[in-house]
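Below is one structure; the comments refer to it alone.
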Amino acid sequence: MPSFRNERRVPHSPAAMFDLVADIERYPAFVPLCEGLTVRQRINSDDGVETLIADMSIGYKSIRETFTTRVTLDRPRLRILVEYVEGPFRFLENRWAFRAADDPQACIVDFYISYEFKSRTLGFVMGAMFDKAFRKFSDAFAARADTLYGAVPVAR
């Protein structure tokens, strides 16, 4: 089953990065392959966790697919879990974690995704393109954060 993991230090706070990733309705503006995203349902709990049911449309050249996920926004723990509900996948799980770095205005963003298409043909056609897109995800979110919060040089 294909998977990808990336850990990246960014010059923005963990809370700011959580808010950016949690704002899934803005993904079509900057996330590779994302052509549309609609939140069908929002469920708030008393412990600060919000669950969304969302449809995401992705496209590459002449291929278009839409799938449904359950997105758990765990603000108290600064974690986001995306779980597959319906669509062209056999399995899809995406996890984000945001933790403080040595600088209080920076954080470490941990991104993980694992997926498998139902159809071998679709997996063959979309697989290489998905892998390439996932490698660009961290760049897309870091660039979006710089646009929204201002670019700040990162001390290494």
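Ordering of the structure tokens sets the chain letters (A, B, ...); residue numbers start at 1 within each chain; ligands are numbered from 1 in the order shown.
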Show which residues sit within 6 Å of region 97-107 of chain A, as a CSV table (one decimal) with N, CA, C and O atoms, in the first residue's frame. Count only C-alpha atoms, and ignore same-chain residues fewer than 6 positions away.
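See out_22.csv below for the written result:
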chain,number,residue,atom,x,y,z
A,9,ARG,N,9.9,21.7,9.4
A,9,ARG,CA,9.9,22.8,10.3
A,9,ARG,C,9.4,24.0,9.5
A,9,ARG,O,9.9,24.3,8.4
A,10,VAL,N,8.5,24.8,10.1
A,10,VAL,CA,8.0,26.0,9.4
A,10,VAL,C,8.0,27.2,10.4
A,10,VAL,O,7.9,26.9,11.6
A,11,PRO,N,8.2,28.4,9.9
A,11,PRO,CA,8.3,29.5,10.8
A,11,PRO,C,6.9,30.1,11.3
A,11,PRO,O,6.7,31.3,11.2
A,12,HIS,N,6.0,29.2,11.6
A,12,HIS,CA,4.7,29.7,12.1
A,12,HIS,C,4.3,28.8,13.3
A,12,HIS,O,4.7,27.6,13.4
A,13,SER,N,3.5,29.3,14.1
A,13,SER,CA,3.1,28.6,15.4
A,13,SER,C,2.3,27.3,15.0
A,13,SER,O,1.7,27.2,14.0
A,14,PRO,N,2.3,26.3,16.0
A,14,PRO,CA,1.5,25.1,15.8
A,14,PRO,C,0.0,25.4,15.6
A,14,PRO,O,-0.6,24.9,14.7
A,78,LEU,N,-3.8,19.4,18.7
A,78,LEU,CA,-3.2,19.9,17.5
A,78,LEU,C,-2.9,18.7,16.5
A,78,LEU,O,-1.8,18.6,16.0
A,79,ARG,N,-4.0,17.9,16.3
A,79,ARG,CA,-3.9,16.8,15.4
A,79,ARG,C,-5.1,16.8,14.5
A,79,ARG,O,-6.2,17.2,14.9
Legend entry - Ala143 (chain A) surroundings by only C-alpha atoms, 12 Å radius, close-in-sequence under 3 positions cut, as an MDAnalysis selection string: chainID A and resid 10:12 17 20 29:31 136:140 146:152
Inset, instruction - Give the answer as one residue: which of A:Ile58, A:Ala145, A:Ile43, A:Gly123 has the shortest atom-to-atom distance to Ala15 (chain A), using only C-alpha atoms? - result: A:Ala145
Which residues of region 45-147 of chain A sit at most 12 Å from region 21-26 of chain A, using only C-alpha atoms? Give each one's shortest atom pair and distance in Å (one decimal place), in chain and ascending residue order, as CSV.
residue,atom,partner,partner_atom,distance
A:Val49,CA,A:Ala22,CA,11.5
A:Glu50,CA,A:Ala22,CA,9.9
A:Thr51,CA,A:Ala22,CA,10.6
A:Leu52,CA,A:Ile24,CA,9.6
A:Ile53,CA,A:Ile24,CA,10.9
A:Ala54,CA,A:Ile24,CA,8.8
A:Asp55,CA,A:Glu25,CA,10.0
A:Met56,CA,A:Glu25,CA,9.4
A:Ser57,CA,A:Glu25,CA,11.6
A:Thr69,CA,A:Ile24,CA,11.4
A:Arg70,CA,A:Ile24,CA,11.7
A:Val71,CA,A:Ala22,CA,8.8
A:Thr72,CA,A:Ala22,CA,9.1
A:Leu73,CA,A:Ala22,CA,6.6
A:Asp74,CA,A:Ala22,CA,9.5
A:Arg75,CA,A:Ala22,CA,9.1
A:Leu78,CA,A:Ala22,CA,10.0
A:Arg79,CA,A:Ala22,CA,9.5
A:Ile80,CA,A:Ala22,CA,7.5
A:Leu81,CA,A:Ala22,CA,10.1
A:Val82,CA,A:Ala22,CA,10.6
A:Asn94,CA,A:Val21,CA,11.8
A:Arg95,CA,A:Val21,CA,10.9
A:Trp96,CA,A:Val21,CA,8.4
A:Ala97,CA,A:Val21,CA,10.2
A:Phe98,CA,A:Val21,CA,10.1
A:Val109,CA,A:Val21,CA,10.3
A:Asp110,CA,A:Val21,CA,11.6
A:Phe111,CA,A:Val21,CA,10.6
A:Phe137,CA,A:Val21,CA,11.0
A:Ser138,CA,A:Val21,CA,10.7
A:Ala140,CA,A:Val21,CA,10.8
A:Phe141,CA,A:Val21,CA,7.6
A:Ala142,CA,A:Val21,CA,10.3
A:Arg144,CA,A:Val21,CA,9.8
A:Ala145,CA,A:Val21,CA,9.4
Could you write out the selected residues, including C-alpha atoms, as a PDB file, in the first residue's frame?
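The result, written out as out.pdb:
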ATOM      1  CA  VAL A  49     -12.950  18.234  18.683  1.00  0.00           C
ATOM      2  CA  GLU A  50     -14.859  18.896  15.458  1.00  0.00           C
ATOM      3  CA  THR A  51     -15.717  16.217  12.898  1.00  0.00           C
ATOM      4  CA  LEU A  52     -16.441  17.056   9.269  1.00  0.00           C
ATOM      5  CA  ILE A  53     -17.827  14.917   6.486  1.00  0.00           C
ATOM      6  CA  ALA A  54     -16.432  16.299   3.240  1.00  0.00           C
ATOM      7  CA  ASP A  55     -16.389  15.558  -0.481  1.00  0.00           C
ATOM      8  CA  MET A  56     -13.158  16.299  -2.332  1.00  0.00           C
ATOM      9  CA  SER A  57     -12.893  16.369  -6.108  1.00  0.00           C
ATOM     10  CA  THR A  69     -13.798  11.577   4.025  1.00  0.00           C
ATOM     11  CA  ARG A  70     -14.366  12.029   7.732  1.00  0.00           C
ATOM     12  CA  VAL A  71     -12.051  14.760   9.015  1.00  0.00           C
ATOM     13  CA  THR A  72     -11.440  14.901  12.765  1.00  0.00           C
ATOM     14  CA  LEU A  73     -10.075  18.275  13.864  1.00  0.00           C
ATOM     15  CA  ASP A  74      -8.579  17.737  17.329  1.00  0.00           C
ATOM     16  CA  ARG A  75      -7.659  21.311  18.285  1.00  0.00           C
ATOM     17  CA  LEU A  78      -3.216  19.893  17.479  1.00  0.00           C
ATOM     18  CA  ARG A  79      -3.905  16.798  15.383  1.00  0.00           C
ATOM     19  CA  ILE A  80      -6.005  16.162  12.292  1.00  0.00           C
ATOM     20  CA  LEU A  81      -7.126  12.737  11.129  1.00  0.00           C
ATOM     21  CA  VAL A  82      -8.662  12.148   7.694  1.00  0.00           C
ATOM     22  CA  ASN A  94      -4.144  10.988   6.313  1.00  0.00           C
ATOM     23  CA  ARG A  95      -2.712  12.301   9.599  1.00  0.00           C
ATOM     24  CA  TRP A  96      -1.347  15.704  10.549  1.00  0.00           C
ATOM     25  CA  ALA A  97       0.391  16.644  13.803  1.00  0.00           C
ATOM     26  CA  PHE A  98       1.715  20.060  14.799  1.00  0.00           C
ATOM     27  CA  VAL A 109       4.471  19.755  10.837  1.00  0.00           C
ATOM     28  CA  ASP A 110       4.207  15.976  10.531  1.00  0.00           C
ATOM     29  CA  PHE A 111       2.217  14.795   7.495  1.00  0.00           C
ATOM     30  CA  PHE A 137       1.874  18.924  -0.344  1.00  0.00           C
ATOM     31  CA  SER A 138       4.241  20.186   2.342  1.00  0.00           C
ATOM     32  CA  ALA A 140       1.959  23.931  -0.878  1.00  0.00           C
ATOM     33  CA  PHE A 141       0.956  24.272   2.786  1.00  0.00           C
ATOM     34  CA  ALA A 142       4.201  26.055   3.742  1.00  0.00           C
ATOM     35  CA  ARG A 144       0.113  29.093   1.848  1.00  0.00           C
ATOM     36  CA  ALA A 145       1.189  29.776   5.460  1.00  0.00           C
TER      37      ALA A 145
END
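For the pair CA of Glu65 (chain A) and CA of Arg5 (chain A), the separation is 23.2 Å.
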Inset, instruction - Taking the chain letters and numbering used in this document, name the residues of region 27-143 of chain A that DSSP puts in strand (DSSP E or B), as number ranges by chain. - result: A: 34-44, 49-60, 63-74, 79-86, 89-100, 107-117
Identify, with DSSP run on backbone atoms, the residues in chain A assigned to helix (DSSP H, G or I), and express the list as a CSV table (one decimal) with all heavy atoms, in the first residue's frame.
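Writing the result to states28.csv gives the following:
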chain,number,residue,atom,x,y,z
A,14,PRO,N,2.3,26.3,16.0
A,14,PRO,CA,1.5,25.1,15.8
A,14,PRO,C,0.0,25.4,15.6
A,14,PRO,O,-0.6,24.9,14.7
A,14,PRO,CB,1.8,24.3,17.0
A,14,PRO,CG,3.1,24.7,17.5
A,14,PRO,CD,3.2,26.2,17.2
A,15,ALA,N,-0.5,26.4,16.4
A,15,ALA,CA,-1.9,26.7,16.3
A,15,ALA,C,-2.2,27.4,14.9
A,15,ALA,O,-3.3,27.0,14.3
A,15,ALA,CB,-2.3,27.7,17.4
A,16,ALA,N,-1.3,28.2,14.4
A,16,ALA,CA,-1.6,28.8,13.1
A,16,ALA,C,-1.5,27.7,12.0
A,16,ALA,O,-2.4,27.8,11.1
A,16,ALA,CB,-0.5,29.9,12.8
A,17,MET,N,-0.6,26.8,12.1
A,17,MET,CA,-0.6,25.7,11.0
A,17,MET,C,-1.8,24.8,11.2
A,17,MET,O,-2.3,24.4,10.1
A,17,MET,CB,0.8,25.0,11.1
A,17,MET,CG,2.0,25.8,10.7
A,17,MET,SD,1.8,26.6,9.1
A,17,MET,CE,1.8,25.1,8.0
A,18,PHE,N,-2.2,24.5,12.4
A,18,PHE,CA,-3.4,23.7,12.6
A,18,PHE,C,-4.6,24.4,11.9
A,18,PHE,O,-5.3,23.8,11.1
A,18,PHE,CB,-3.7,23.5,14.0
A,18,PHE,CG,-5.0,22.7,14.3
A,18,PHE,CD1,-5.0,21.4,14.4
A,18,PHE,CD2,-6.2,23.4,14.4
A,18,PHE,CE1,-6.2,20.7,14.6
A,18,PHE,CE2,-7.4,22.7,14.6
A,18,PHE,CZ,-7.4,21.4,14.7
A,19,ASP,N,-4.7,25.7,12.1
A,19,ASP,CA,-5.9,26.4,11.5
A,19,ASP,C,-5.8,26.4,10.0
A,19,ASP,O,-6.8,26.3,9.4
A,19,ASP,CB,-5.9,27.9,12.0
A,19,ASP,CG,-6.2,28.0,13.5
A,19,ASP,OD1,-6.8,27.1,14.1
A,19,ASP,OD2,-5.9,29.1,14.1
A,20,LEU,N,-4.6,26.5,9.5
A,20,LEU,CA,-4.5,26.5,8.0
A,20,LEU,C,-4.9,25.2,7.4
A,20,LEU,O,-5.7,25.1,6.5
A,20,LEU,CB,-3.0,26.8,7.6
A,20,LEU,CG,-2.7,26.7,6.1
A,20,LEU,CD1,-2.6,28.1,5.6
A,20,LEU,CD2,-1.5,25.9,5.9
A,21,VAL,N,-4.4,24.1,8.0
A,21,VAL,CA,-4.8,22.7,7.5
A,21,VAL,C,-6.2,22.4,7.8
A,21,VAL,O,-6.9,21.8,7.0
A,21,VAL,CB,-3.8,21.7,8.1
A,21,VAL,CG1,-4.2,20.3,7.6
A,21,VAL,CG2,-2.4,22.0,7.7
A,22,ALA,N,-6.8,22.9,8.9
A,22,ALA,CA,-8.2,22.6,9.2
A,22,ALA,C,-9.1,23.4,8.3
A,22,ALA,O,-10.3,23.0,8.2
A,22,ALA,CB,-8.4,23.0,10.7
A,24,ILE,N,-10.3,23.3,5.4
A,24,ILE,CA,-10.3,22.5,4.2
A,24,ILE,C,-11.0,23.0,3.1
A,24,ILE,O,-10.7,22.7,1.9
A,24,ILE,CB,-10.8,21.0,4.6
A,24,ILE,CG1,-12.2,21.0,5.0
A,24,ILE,CG2,-9.9,20.4,5.6
A,24,ILE,CD1,-12.8,19.6,5.1
A,25,GLU,N,-12.0,23.9,3.3
A,25,GLU,CA,-12.8,24.5,2.2
A,25,GLU,C,-11.9,25.4,1.3
A,25,GLU,O,-12.3,25.7,0.2
A,25,GLU,CB,-14.0,25.2,2.8
A,25,GLU,CG,-15.0,24.2,3.4
A,25,GLU,CD,-16.0,24.9,4.3
A,25,GLU,OE1,-15.5,25.5,5.3
A,25,GLU,OE2,-17.2,24.7,4.1
A,26,ARG,N,-10.8,25.8,1.8
A,26,ARG,CA,-9.8,26.6,1.0
A,26,ARG,C,-8.9,25.8,0.2
A,26,ARG,O,-8.1,26.3,-0.7
A,26,ARG,CB,-9.0,27.6,1.9
A,26,ARG,CG,-9.9,28.5,2.8
A,26,ARG,CD,-10.3,29.7,2.0
A,26,ARG,NE,-11.0,30.6,2.9
A,26,ARG,CZ,-12.3,30.8,3.0
A,26,ARG,NH1,-13.1,30.1,2.2
A,26,ARG,NH2,-12.8,31.6,3.8
A,27,TYR,N,-8.9,24.5,0.3
A,27,TYR,CA,-7.9,23.6,-0.4
A,27,TYR,C,-7.9,23.8,-1.9
A,27,TYR,O,-6.8,23.8,-2.5
A,27,TYR,CB,-8.1,22.2,-0.1
A,27,TYR,CG,-7.6,21.7,1.3
A,27,TYR,CD1,-7.3,22.6,2.3
A,27,TYR,CD2,-7.6,20.4,1.6
A,27,TYR,CE1,-6.8,22.2,3.5
A,27,TYR,CE2,-7.1,19.9,2.8
A,27,TYR,CZ,-6.8,20.8,3.8
A,27,TYR,OH,-6.3,20.4,5.0
A,28,PRO,N,-9.0,24.0,-2.6
A,28,PRO,CA,-9.0,24.2,-4.0
A,28,PRO,C,-8.1,25.3,-4.5
A,28,PRO,O,-7.6,25.3,-5.6
A,28,PRO,CB,-10.4,24.4,-4.4
A,28,PRO,CG,-11.2,23.7,-3.4
A,28,PRO,CD,-10.4,23.9,-2.1
A,29,ALA,N,-7.8,26.3,-3.6
A,29,ALA,CA,-7.0,27.5,-4.0
A,29,ALA,C,-5.5,27.2,-4.0
A,29,ALA,O,-4.8,27.9,-4.7
A,29,ALA,CB,-7.3,28.6,-3.0
A,75,ARG,N,-8.4,20.1,17.9
A,75,ARG,CA,-7.7,21.3,18.3
A,75,ARG,C,-6.9,21.2,19.6
A,75,ARG,O,-5.7,21.7,19.7
A,75,ARG,CB,-8.6,22.5,18.3
A,75,ARG,CG,-8.0,23.8,18.6
A,75,ARG,CD,-8.9,25.0,18.4
A,75,ARG,NE,-9.5,25.0,17.1
A,75,ARG,CZ,-8.9,25.5,16.0
A,75,ARG,NH1,-7.7,25.9,16.0
A,75,ARG,NH2,-9.5,25.5,14.8
A,76,PRO,N,-7.4,20.6,20.7
A,76,PRO,CA,-6.7,20.6,21.9
A,76,PRO,C,-5.3,19.8,21.8
A,76,PRO,O,-4.3,20.1,22.4
A,76,PRO,CB,-7.6,19.8,22.9
A,76,PRO,CG,-9.0,20.1,22.4
A,76,PRO,CD,-8.8,20.1,20.9
A,77,ARG,N,-5.3,18.8,20.9
A,77,ARG,CA,-4.0,18.0,20.7
A,77,ARG,C,-3.3,18.4,19.5
A,77,ARG,O,-2.2,17.9,19.2
A,77,ARG,CB,-4.4,16.6,20.7
A,77,ARG,CG,-4.8,16.0,22.0
A,77,ARG,CD,-5.4,14.6,21.9
A,77,ARG,NE,-6.2,14.3,23.1
A,77,ARG,CZ,-7.5,14.7,23.3
A,77,ARG,NH1,-8.0,15.5,22.4
A,77,ARG,NH2,-8.1,14.4,24.3
A,120,ARG,N,-7.2,-1.6,-9.8
A,120,ARG,CA,-5.7,-1.7,-10.2
A,120,ARG,C,-5.4,-0.7,-11.3
A,120,ARG,O,-4.3,-0.1,-11.3
A,120,ARG,CB,-5.3,-3.1,-10.6
A,120,ARG,CG,-5.3,-4.0,-9.4
A,120,ARG,CD,-4.8,-5.4,-9.8
A,120,ARG,NE,-5.1,-6.3,-8.8
A,120,ARG,CZ,-4.3,-7.3,-8.5
A,120,ARG,NH1,-3.2,-7.5,-9.2
A,120,ARG,NH2,-4.6,-8.1,-7.5
A,121,THR,N,-6.3,-0.6,-12.3
A,121,THR,CA,-6.1,0.3,-13.4
A,121,THR,C,-6.0,1.7,-12.9
A,121,THR,O,-5.0,2.4,-13.3
A,121,THR,CB,-7.2,0.1,-14.4
A,121,THR,OG1,-7.3,-1.3,-14.8
A,121,THR,CG2,-7.0,1.0,-15.6
A,122,LEU,N,-6.9,2.1,-12.1
A,122,LEU,CA,-6.9,3.5,-11.6
A,122,LEU,C,-5.6,3.7,-10.8
A,122,LEU,O,-5.0,4.7,-10.8
A,122,LEU,CB,-8.2,3.8,-10.8
A,122,LEU,CG,-8.3,5.3,-10.3
A,122,LEU,CD1,-8.3,6.2,-11.5
A,122,LEU,CD2,-9.6,5.4,-9.5
A,123,GLY,N,-5.3,2.7,-10.0
A,123,GLY,CA,-4.1,2.8,-9.2
A,123,GLY,C,-2.8,2.9,-10.0
A,123,GLY,O,-1.9,3.7,-9.7
A,124,PHE,N,-2.8,2.2,-11.1
A,124,PHE,CA,-1.7,2.3,-12.0
A,124,PHE,C,-1.6,3.7,-12.7
A,124,PHE,O,-0.6,4.4,-12.7
A,124,PHE,CB,-1.7,1.3,-13.1
A,124,PHE,CG,-0.6,1.3,-14.1
A,124,PHE,CD1,0.6,0.9,-13.8
A,124,PHE,CD2,-0.8,1.8,-15.4
A,124,PHE,CE1,1.7,1.0,-14.7
A,124,PHE,CE2,0.2,1.9,-16.3
A,124,PHE,CZ,1.5,1.5,-15.9
A,125,VAL,N,-2.8,4.2,-13.1
A,125,VAL,CA,-2.8,5.5,-13.8
A,125,VAL,C,-2.6,6.6,-12.8
A,125,VAL,O,-1.8,7.6,-13.1
A,125,VAL,CB,-4.2,5.7,-14.5
A,125,VAL,CG1,-4.4,7.1,-15.1
A,125,VAL,CG2,-4.3,4.7,-15.7
A,126,MET,N,-3.2,6.6,-11.7
A,126,MET,CA,-3.2,7.7,-10.7
A,126,MET,C,-2.0,7.6,-9.7
A,126,MET,O,-1.6,8.6,-9.1
A,126,MET,CB,-4.5,7.8,-10.0
A,126,MET,CG,-5.7,8.1,-10.8
A,126,MET,SD,-5.8,9.8,-11.3
A,126,MET,CE,-6.3,10.6,-9.8
A,127,GLY,N,-1.5,6.4,-9.5
A,127,GLY,CA,-0.5,6.2,-8.5
A,127,GLY,C,0.7,7.0,-8.5
A,127,GLY,O,1.1,7.7,-7.6
A,128,ALA,N,1.4,7.0,-9.7
A,128,ALA,CA,2.6,7.8,-9.8
A,128,ALA,C,2.3,9.3,-9.7
A,128,ALA,O,3.1,10.1,-9.1
A,128,ALA,CB,3.2,7.6,-11.2
A,129,MET,N,1.2,9.8,-10.2
A,129,MET,CA,0.8,11.2,-10.1
A,129,MET,C,0.5,11.5,-8.7
A,129,MET,O,0.8,12.6,-8.2
A,129,MET,CB,-0.4,11.4,-11.0
A,129,MET,CG,-0.9,12.8,-11.1
A,129,MET,SD,-2.2,13.1,-9.9
A,129,MET,CE,-3.3,11.7,-10.1
A,130,PHE,N,-0.2,10.6,-7.9
A,130,PHE,CA,-0.5,10.9,-6.5
A,130,PHE,C,0.8,11.0,-5.7
A,130,PHE,O,1.0,11.9,-4.9
A,130,PHE,CB,-1.3,9.7,-5.9
A,130,PHE,CG,-2.8,10.1,-5.8
A,130,PHE,CD1,-3.5,10.6,-6.8
A,130,PHE,CD2,-3.4,9.9,-4.6
A,130,PHE,CE1,-4.8,10.9,-6.7
A,130,PHE,CE2,-4.8,10.2,-4.4
A,130,PHE,CZ,-5.5,10.7,-5.5
A,131,ASP,N,1.7,10.1,-5.9
A,131,ASP,CA,3.0,10.1,-5.2
A,131,ASP,C,3.7,11.5,-5.4
A,131,ASP,O,4.2,12.1,-4.5
A,131,ASP,CB,3.9,9.0,-5.7
A,131,ASP,CG,3.5,7.7,-5.1
A,131,ASP,OD1,2.7,7.6,-4.1
A,131,ASP,OD2,4.0,6.6,-5.6
A,132,LYS,N,3.7,11.9,-6.7
A,132,LYS,CA,4.3,13.2,-7.0
A,132,LYS,C,3.6,14.4,-6.3
A,132,LYS,O,4.2,15.3,-5.8
A,132,LYS,CB,4.3,13.4,-8.5
A,132,LYS,CG,5.1,14.6,-9.0
A,132,LYS,CD,5.1,14.6,-10.5
A,132,LYS,CE,5.9,15.8,-11.1
A,132,LYS,NZ,5.9,15.8,-12.5
A,133,ALA,N,2.3,14.3,-6.3
A,133,ALA,CA,1.5,15.4,-5.7
A,133,ALA,C,1.7,15.4,-4.2
A,133,ALA,O,1.9,16.5,-3.6
A,133,ALA,CB,0.0,15.2,-6.0
A,134,PHE,N,1.8,14.3,-3.5
A,134,PHE,CA,2.0,14.2,-2.1
A,134,PHE,C,3.3,14.8,-1.7
A,134,PHE,O,3.5,15.4,-0.6
A,134,PHE,CB,1.8,12.8,-1.5
A,134,PHE,CG,0.4,12.3,-1.6
A,134,PHE,CD1,0.1,11.0,-2.0
A,134,PHE,CD2,-0.7,13.2,-1.4
A,134,PHE,CE1,-1.2,10.5,-2.1
A,134,PHE,CE2,-2.0,12.7,-1.5
A,134,PHE,CZ,-2.2,11.4,-1.8
A,135,ARG,N,4.3,14.6,-2.5
A,135,ARG,CA,5.6,15.2,-2.3
A,135,ARG,C,5.6,16.7,-2.3
A,135,ARG,O,6.4,17.4,-1.7
A,135,ARG,CB,6.7,14.6,-3.2
A,135,ARG,CG,6.8,13.1,-3.0
A,135,ARG,CD,7.9,12.5,-3.8
A,135,ARG,NE,7.8,11.0,-3.7
A,135,ARG,CZ,8.1,10.3,-2.7
A,135,ARG,NH1,8.5,10.9,-1.5
A,135,ARG,NH2,7.9,9.0,-2.7
A,136,LYS,N,4.6,17.3,-3.0
A,136,LYS,CA,4.5,18.7,-3.1
A,136,LYS,C,3.5,19.3,-2.1
A,136,LYS,O,3.5,20.5,-1.9
A,136,LYS,CB,3.9,19.1,-4.5
A,136,LYS,CG,4.9,18.8,-5.6
A,136,LYS,CD,4.3,19.2,-7.0
A,136,LYS,CE,5.2,18.9,-8.1
A,136,LYS,NZ,4.7,19.3,-9.4
A,137,PHE,N,2.8,18.4,-1.3
A,137,PHE,CA,1.9,18.9,-0.3
A,137,PHE,C,2.5,19.8,0.7
A,137,PHE,O,2.0,20.9,1.0
A,137,PHE,CB,1.2,17.8,0.4
A,137,PHE,CG,-0.1,17.3,-0.3
A,137,PHE,CD1,-0.3,17.5,-1.6
A,137,PHE,CD2,-1.1,16.8,0.5
A,137,PHE,CE1,-1.5,17.1,-2.2
A,137,PHE,CE2,-2.3,16.4,-0.1
A,137,PHE,CZ,-2.5,16.6,-1.4
A,138,SER,N,3.6,19.4,1.3
A,138,SER,CA,4.2,20.2,2.3
A,138,SER,C,4.7,21.5,1.8
A,138,SER,O,4.5,22.6,2.5
A,138,SER,CB,5.4,19.5,3.0
A,138,SER,OG,6.4,19.2,2.1
A,139,ASP,N,5.2,21.6,0.6
A,139,ASP,CA,5.5,22.9,0.0
A,139,ASP,C,4.3,23.8,-0.2
A,139,ASP,O,4.4,25.0,0.0
A,139,ASP,CB,6.2,22.7,-1.4
A,139,ASP,CG,7.6,22.0,-1.3
A,139,ASP,OD1,8.2,22.1,-0.3
A,139,ASP,OD2,8.0,21.5,-2.3
A,140,ALA,N,3.2,23.2,-0.6
A,140,ALA,CA,2.0,23.9,-0.9
A,140,ALA,C,1.4,24.5,0.4
A,140,ALA,O,1.0,25.7,0.5
A,140,ALA,CB,0.9,23.0,-1.5
A,141,PHE,N,1.4,23.8,1.5
A,141,PHE,CA,1.0,24.3,2.8
A,141,PHE,C,1.9,25.3,3.4
A,141,PHE,O,1.5,26.3,4.0
A,141,PHE,CB,0.7,23.1,3.8
A,141,PHE,CG,-0.6,22.4,3.5
A,141,PHE,CD1,-0.7,21.3,2.6
A,141,PHE,CD2,-1.8,22.9,4.0
A,141,PHE,CE1,-1.9,20.7,2.4
A,141,PHE,CE2,-3.0,22.3,3.8
A,141,PHE,CZ,-3.1,21.2,2.9
A,142,ALA,N,3.2,25.1,3.2
A,142,ALA,CA,4.2,26.1,3.7
A,142,ALA,C,4.1,27.4,3.0
A,142,ALA,O,4.1,28.5,3.6
A,142,ALA,CB,5.6,25.5,3.6
A,143,ALA,N,3.9,27.3,1.7
A,143,ALA,CA,3.8,28.5,0.9
A,143,ALA,C,2.5,29.2,1.2
A,143,ALA,O,2.4,30.5,1.3
A,143,ALA,CB,3.8,28.2,-0.6
A,144,ARG,N,1.4,28.5,1.5
A,144,ARG,CA,0.1,29.1,1.8
A,144,ARG,C,0.3,29.8,3.2
A,144,ARG,O,-0.3,30.9,3.4
A,144,ARG,CB,-1.0,28.0,1.9
A,144,ARG,CG,-2.3,28.5,2.3
A,144,ARG,CD,-3.0,29.4,1.3
A,144,ARG,NE,-4.3,29.7,1.6
A,144,ARG,CZ,-5.2,30.4,0.9
A,144,ARG,NH1,-4.8,30.9,-0.3
A,144,ARG,NH2,-6.4,30.6,1.3
A,145,ALA,N,1.0,29.2,4.1
A,145,ALA,CA,1.2,29.8,5.5
A,145,ALA,C,2.0,31.1,5.3
A,145,ALA,O,1.6,32.1,6.0
A,145,ALA,CB,1.9,28.8,6.4
A,146,ASP,N,3.0,31.1,4.5
A,146,ASP,CA,3.8,32.3,4.2
A,146,ASP,C,2.9,33.4,3.7
A,146,ASP,O,3.0,34.6,4.0
A,146,ASP,CB,5.0,32.0,3.3
A,146,ASP,CG,6.1,31.2,4.0
A,146,ASP,OD1,6.0,31.1,5.3
A,146,ASP,OD2,7.0,30.7,3.3
A,147,THR,N,2.0,33.0,2.8
A,147,THR,CA,1.1,34.0,2.1
A,147,THR,C,0.1,34.6,3.2
A,147,THR,O,-0.1,35.8,3.3
A,147,THR,CB,0.3,33.4,1.0
A,147,THR,OG1,1.2,32.9,0.0
A,147,THR,CG2,-0.7,34.3,0.4
A,148,LEU,N,-0.4,33.7,4.0
A,148,LEU,CA,-1.4,34.2,5.0
A,148,LEU,C,-0.8,34.9,6.2
A,148,LEU,O,-1.3,35.9,6.7
A,148,LEU,CB,-2.2,33.0,5.5
A,148,LEU,CG,-3.2,32.3,4.5
A,148,LEU,CD1,-3.8,31.1,5.2
A,148,LEU,CD2,-4.2,33.3,4.0
A,149,TYR,N,0.4,34.3,6.7
A,149,TYR,CA,0.9,34.8,8.0
A,149,TYR,C,2.2,35.6,7.8
A,149,TYR,O,2.7,36.2,8.7
A,149,TYR,CB,1.2,33.6,8.9
A,149,TYR,CG,0.1,32.7,9.1
A,149,TYR,CD1,0.2,31.3,8.9
A,149,TYR,CD2,-1.2,33.1,9.4
A,149,TYR,CE1,-0.8,30.4,9.1
A,149,TYR,CE2,-2.2,32.3,9.6
A,149,TYR,CZ,-2.1,30.9,9.5
A,149,TYR,OH,-3.1,30.1,9.7
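For the pair CA of Thr38 (chain A) and CA of Pro2 (chain A), the separation is 25.8 Å.
Ranking A:Leu33, A:Phe89, A:Thr66, A:Tyr112 by their shortest atom-to-atom distance to Glu7 (chain A), with only C-alpha atoms included, puts A:Tyr112 first.
Considering the residues A:Ile63, A:Ile108, A:Leu92, A:Cys34 and counting only C-alpha atoms, Met1 (chain A) has its shortest atom-to-atom contact with A:Leu92.
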